[in-house]
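First up is the structure itself, then whatever we jot down about it.
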Amino acid sequence: MSADKEQLYQQRLKRYTTALRNGKPDRVPIRPFVAEFVARYGGYTCQQVTQDFNLAFEATVKTCANFDWDAAVANMVYVWGGIAQAMGLRYYAIPGVGLAPDTGFQYLEPPEGQSWMREDEYDQLIADPTRFCYEVWLPRVSTEVAKPGEPASYRNQVAMVAGGMALMSYFGAFPAQVQRMRAEAGMPSAIAGILKSPFDIIADKFRGYLGLCDDLMTQPKNVQKAAEALMPHMYHVALTSSDPTGTVPIGFWMHRGCVPLISQEHFDTIFWPTLKPIILELHKQGRQVLFYAEGKWKHHLKTFLELPEGSIVFHCDRDDIFEVHRVLHHKFAISGGLDNYLLAFAKPQQVRQRVKEIIQGVAKDGGYIMDAGAIIQNDATVDNMKAMTDAAREYGQY
């Protein structure tokens, strides 16, 4: 690693972490969550970077080296087709396999009435989530894994071995990728680890959104008990995958838990009571959590004030960034707020103007990190990404 790259890395890391702690660095840090955009910039298709994570790594390093940002994710194109195909997973649509080569990967909702967990199986999930996943859930989401009682076929055995090897290969490659970003681009890694709320796991991976909506009306107590049973598992994954130094936050992807996707009552009685204790315990362990609040969460902003100061960073997607700042900034740093459609369809000058408005409106006291509202895919243009970066540097000086 050259001395200048290491110096750049340390400057950027200090700037980024100061803002994460709601402090005032030398200038507004820039931390775009760039996913399929790196494929576009690197000259690859979505299919290439999804099917070969090494190409995604290369594209990320190239993008980081050529843009003056302060932090980035080691690979935001986080689904690797090798794992999905080794296990025959049914809930992914992969570019080039069911999707056009230049369309990003997608999650597939199970057909209504055919969810990965049936409505009468809550007792099994509540009694032993791990056993339920192995014996019931995995054979349903996989085209290869045999159901209990069925013969352990050759395809079953190969899938279990290949899937485990694929997981180890992929996640084992990330430390070297983080080091490459540091050595070749002077770029810190923006997050470490992953958290999902127990409620969202039920919606995303077990019942599907429609199935969960039915259950909230017909058996809300079982939904609540299932979420409670999943709490220690979600906490364990978040803690063990996090940055052990607590320098960068855990990524928490917020999906189905907000009004109007669910009612305020169900937020108050199920979503929040099974999430808040996890955040509190992670805070006790010295971990900060990035609330990547996909969609609109304005109805719940004041509820988040129940959390300890600095325990989270709130990322603004479709909410009013100025309202988010008004409500949360005295306790938490915020990020995001730049509409993704501007990066895809606006002129560079329009992007610059909006960046200026955001910085002048929410960043004057520090505690703000420039980013788009949602993950940046390959519809964002290179010119607009440069405009965002240049404007943030021009208007973000303190």
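Each chain in the structure tokens gets a letter, A, B and so on, in the order shown; residues start at 1 in every chain, and ligands are counted from 1 in the order they appear.
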Nearby residues (only C-alpha atoms) at most 12 Å from Gly286 in chain A, same-chain spacing under 4 positions excluded, as a list of chain:residue names: A:Leu239, A:Ser242, A:Asp243, A:Pro244, A:Thr245, A:Gly246, A:Thr247, A:Val248, A:Pro249, A:Ile250, A:Ile279, A:Leu280, A:Glu281, A:Leu282, A:Pro308, A:Gly310, A:Ser311, A:Ile312
Got time to write the residues from that selection, C-alpha atoms, as a PDB file, in the first residue's frame?
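Full text of out.pdb as output:
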```pdb
ATOM      1  CA  LEU A 239     -23.145  -9.218  16.301  1.00  0.00           C
ATOM      2  CA  SER A 242     -20.206  -6.859  12.644  1.00  0.00           C
ATOM      3  CA  ASP A 243     -16.970  -4.896  12.811  1.00  0.00           C
ATOM      4  CA  PRO A 244     -15.433  -6.127  16.088  1.00  0.00           C
ATOM      5  CA  THR A 245     -13.946  -2.675  16.682  1.00  0.00           C
ATOM      6  CA  GLY A 246     -17.337  -1.005  16.272  1.00  0.00           C
ATOM      7  CA  THR A 247     -15.846   1.512  13.839  1.00  0.00           C
ATOM      8  CA  VAL A 248     -18.417   1.171  11.061  1.00  0.00           C
ATOM      9  CA  PRO A 249     -22.100   0.350  11.529  1.00  0.00           C
ATOM     10  CA  ILE A 250     -24.100  -2.808  10.968  1.00  0.00           C
ATOM     11  CA  ILE A 279     -30.644  -2.519  18.931  1.00  0.00           C
ATOM     12  CA  LEU A 280     -30.229  -1.828  22.656  1.00  0.00           C
ATOM     13  CA  GLU A 281     -28.114  -4.931  23.168  1.00  0.00           C
ATOM     14  CA  LEU A 282     -25.951  -4.177  20.127  1.00  0.00           C
ATOM     15  CA  PRO A 308     -29.856   5.792  22.965  1.00  0.00           C
ATOM     16  CA  GLY A 310     -25.739   7.714  18.667  1.00  0.00           C
ATOM     17  CA  SER A 311     -26.921   4.103  18.659  1.00  0.00           C
ATOM     18  CA  ILE A 312     -28.186   4.381  15.088  1.00  0.00           C
TER      19      ILE A 312
END
```
Spatial neighbours of Ile321 in chain A, 8 Å, only C-alpha atoms, chain gap at least 4 places, as a PyMOL selection string: chain A and resi 316+325+336-337+358+362
Between CA of Thr240 in chain A and CA of Asn156 in chain A, what is the spacing in Å? 28.8 Å
Among range 195-325 of chain A, which ones does DSSP place in strand (DSSP E or B), written as a PyMOL selection string? chain A and resi 195+250-254+289-293+312-316
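The helix (DSSP H, G or I) portion of range 330-360 of chain A consists of A:Asn340, A:Tyr341, A:Leu342, A:Leu343, A:Ala344, A:Phe345, A:Pro348, A:Gln349, A:Gln350, A:Val351, A:Arg352, A:Gln353, A:Arg354, A:Val355, A:Lys356, A:Glu357, A:Ile358, A:Ile359, A:Gln360, with states taken from DSSP on the backbone.
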For those residues, write C-alpha atoms to a file as a short mmCIF file (atom, residue, chain, number, x, y, z; two decimals), in the first residue's frame.
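As written to disk, selection27.cif reads:
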```
data_model
loop_
_atom_site.label_atom_id
_atom_site.label_comp_id
_atom_site.auth_asym_id
_atom_site.auth_seq_id
_atom_site.Cartn_x
_atom_site.Cartn_y
_atom_site.Cartn_z
CA ASN A 340 -32.62 8.10 -7.19
CA TYR A 341 -34.70 9.22 -10.16
CA LEU A 342 -32.54 12.35 -10.35
CA LEU A 343 -29.43 10.21 -10.78
CA ALA A 344 -31.15 8.28 -13.57
CA PHE A 345 -33.22 10.85 -15.45
CA PRO A 348 -26.30 17.01 -14.03
CA GLN A 349 -27.16 20.60 -13.12
CA GLN A 350 -30.40 19.44 -11.52
CA VAL A 351 -28.47 16.90 -9.47
CA ARG A 352 -26.04 19.59 -8.38
CA GLN A 353 -28.87 21.89 -7.34
CA ARG A 354 -30.56 19.22 -5.24
CA VAL A 355 -27.29 18.26 -3.55
CA LYS A 356 -26.75 21.92 -2.70
CA GLU A 357 -30.26 22.20 -1.20
CA ILE A 358 -29.81 19.10 0.93
CA ILE A 359 -26.40 20.09 2.25
CA GLN A 360 -27.49 23.63 3.05
#
```
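Every protein, DNA or RNA residue with an atom at most 10 Å from Asp102 in chain A, where only C-alpha atoms count and chain neighbours fewer than 6 positions away do not, is listed here: Glu36, Ala39, Arg40, Tyr44, Thr45, Cys46, Gln47, Gln48, Pro95, Gly96, Asn378 and Asp379 of chain A.
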Those same residues, written as a PDB file, in the first residue's frame with N, CA and C atoms?
```pdb
ATOM      1  N   GLU A  36     -25.462  -2.084  -8.935  1.00  0.00           N
ATOM      2  CA  GLU A  36     -25.241  -2.345 -10.359  1.00  0.00           C
ATOM      3  C   GLU A  36     -24.620  -1.169 -11.104  1.00  0.00           C
ATOM      4  N   ALA A  39     -21.213  -2.020 -12.199  1.00  0.00           N
ATOM      5  CA  ALA A  39     -21.142  -2.820 -13.419  1.00  0.00           C
ATOM      6  C   ALA A  39     -21.134  -1.911 -14.645  1.00  0.00           C
ATOM      7  N   ARG A  40     -22.041  -0.942 -14.635  1.00  0.00           N
ATOM      8  CA  ARG A  40     -22.106   0.002 -15.753  1.00  0.00           C
ATOM      9  C   ARG A  40     -20.779   0.737 -15.897  1.00  0.00           C
ATOM     10  N   TYR A  44     -19.315  -3.915 -17.407  1.00  0.00           N
ATOM     11  CA  TYR A  44     -19.892  -5.253 -17.303  1.00  0.00           C
ATOM     12  C   TYR A  44     -21.412  -5.189 -17.357  1.00  0.00           C
ATOM     13  N   THR A  45     -22.019  -6.324 -17.645  1.00  0.00           N
ATOM     14  CA  THR A  45     -23.466  -6.439 -17.538  1.00  0.00           C
ATOM     15  C   THR A  45     -23.827  -6.835 -16.101  1.00  0.00           C
ATOM     16  N   CYS A  46     -25.111  -6.667 -15.772  1.00  0.00           N
ATOM     17  CA  CYS A  46     -25.579  -7.137 -14.457  1.00  0.00           C
ATOM     18  C   CYS A  46     -25.373  -8.642 -14.321  1.00  0.00           C
ATOM     19  N   GLN A  47     -25.560  -9.369 -15.409  1.00  0.00           N
ATOM     20  CA  GLN A  47     -25.358 -10.809 -15.374  1.00  0.00           C
ATOM     21  C   GLN A  47     -23.916 -11.144 -14.997  1.00  0.00           C
ATOM     22  N   GLN A  48     -22.968 -10.444 -15.559  1.00  0.00           N
ATOM     23  CA  GLN A  48     -21.566 -10.763 -15.282  1.00  0.00           C
ATOM     24  C   GLN A  48     -21.202 -10.557 -13.818  1.00  0.00           C
ATOM     25  N   PRO A  95     -29.973 -12.225 -13.041  1.00  0.00           N
ATOM     26  CA  PRO A  95     -29.731 -11.744 -14.403  1.00  0.00           C
ATOM     27  C   PRO A  95     -29.155 -12.841 -15.298  1.00  0.00           C
ATOM     28  N   GLY A  96     -29.759 -13.017 -16.457  1.00  0.00           N
ATOM     29  CA  GLY A  96     -29.333 -14.069 -17.364  1.00  0.00           C
ATOM     30  C   GLY A  96     -29.971 -15.408 -17.074  1.00  0.00           C
ATOM     31  N   ASN A 378     -28.009   0.346 -12.126  1.00  0.00           N
ATOM     32  CA  ASN A 378     -27.363   0.717 -13.389  1.00  0.00           C
ATOM     33  C   ASN A 378     -28.168   1.688 -14.226  1.00  0.00           C
ATOM     34  N   ASP A 379     -29.273   2.229 -13.671  1.00  0.00           N
ATOM     35  CA  ASP A 379     -29.960   3.305 -14.395  1.00  0.00           C
ATOM     36  C   ASP A 379     -29.342   4.668 -14.092  1.00  0.00           C
TER      37      ASP A 379
END
```
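If only C-alpha atoms are the atoms counted, then among A:Trp69, A:Gln7, A:Ala176, A:Arg182 the closest residue to Ile30 in chain A is A:Trp69.
Contact shell of range 394-398 of chain A at 6 Å (only C-alpha atoms; same-chain neighbours under 3 positions omitted): Asp26, Arg27, Val28 and Ala391 of chain A.
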With only C-alpha atoms as the counted atoms, please give the residues lying no more than 7 Å from Ile194 in chain A, apart from itself and same-chain residues fewer than 6 positions off, as a PyMOL selection string. chain A and resi 238+241+250-252
Take the residues from that selection and put them in a file with N, CA, C and O atoms, as a PDB file, in the first residue's frame.
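For reference, out_39.pdb as written:
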```
ATOM      1  N   ALA A 238     -26.191 -10.446  13.594  1.00  0.00           N
ATOM      2  CA  ALA A 238     -25.732  -9.055  13.536  1.00  0.00           C
ATOM      3  C   ALA A 238     -24.423  -8.876  14.284  1.00  0.00           C
ATOM      4  O   ALA A 238     -23.484  -8.247  13.773  1.00  0.00           O
ATOM      5  N   SER A 241     -21.322 -10.862  12.694  1.00  0.00           N
ATOM      6  CA  SER A 241     -20.891 -10.387  11.375  1.00  0.00           C
ATOM      7  C   SER A 241     -20.432  -8.933  11.397  1.00  0.00           C
ATOM      8  O   SER A 241     -19.997  -8.408  10.375  1.00  0.00           O
ATOM      9  N   ILE A 250     -23.442  -1.628  11.523  1.00  0.00           N
ATOM     10  CA  ILE A 250     -24.100  -2.808  10.968  1.00  0.00           C
ATOM     11  C   ILE A 250     -25.200  -2.345  10.019  1.00  0.00           C
ATOM     12  O   ILE A 250     -25.988  -1.463  10.352  1.00  0.00           O
ATOM     13  N   GLY A 251     -25.269  -2.929   8.850  1.00  0.00           N
ATOM     14  CA  GLY A 251     -26.330  -2.586   7.917  1.00  0.00           C
ATOM     15  C   GLY A 251     -27.643  -3.254   8.299  1.00  0.00           C
ATOM     16  O   GLY A 251     -27.703  -4.476   8.467  1.00  0.00           O
ATOM     17  N   PHE A 252     -28.672  -2.455   8.464  1.00  0.00           N
ATOM     18  CA  PHE A 252     -30.005  -2.963   8.817  1.00  0.00           C
ATOM     19  C   PHE A 252     -30.975  -2.554   7.729  1.00  0.00           C
ATOM     20  O   PHE A 252     -31.283  -1.377   7.557  1.00  0.00           O
TER      21      PHE A 252
END
```
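CA of Tyr16 in chain A is positioned 18.1 Å from CA of His330 in chain A.
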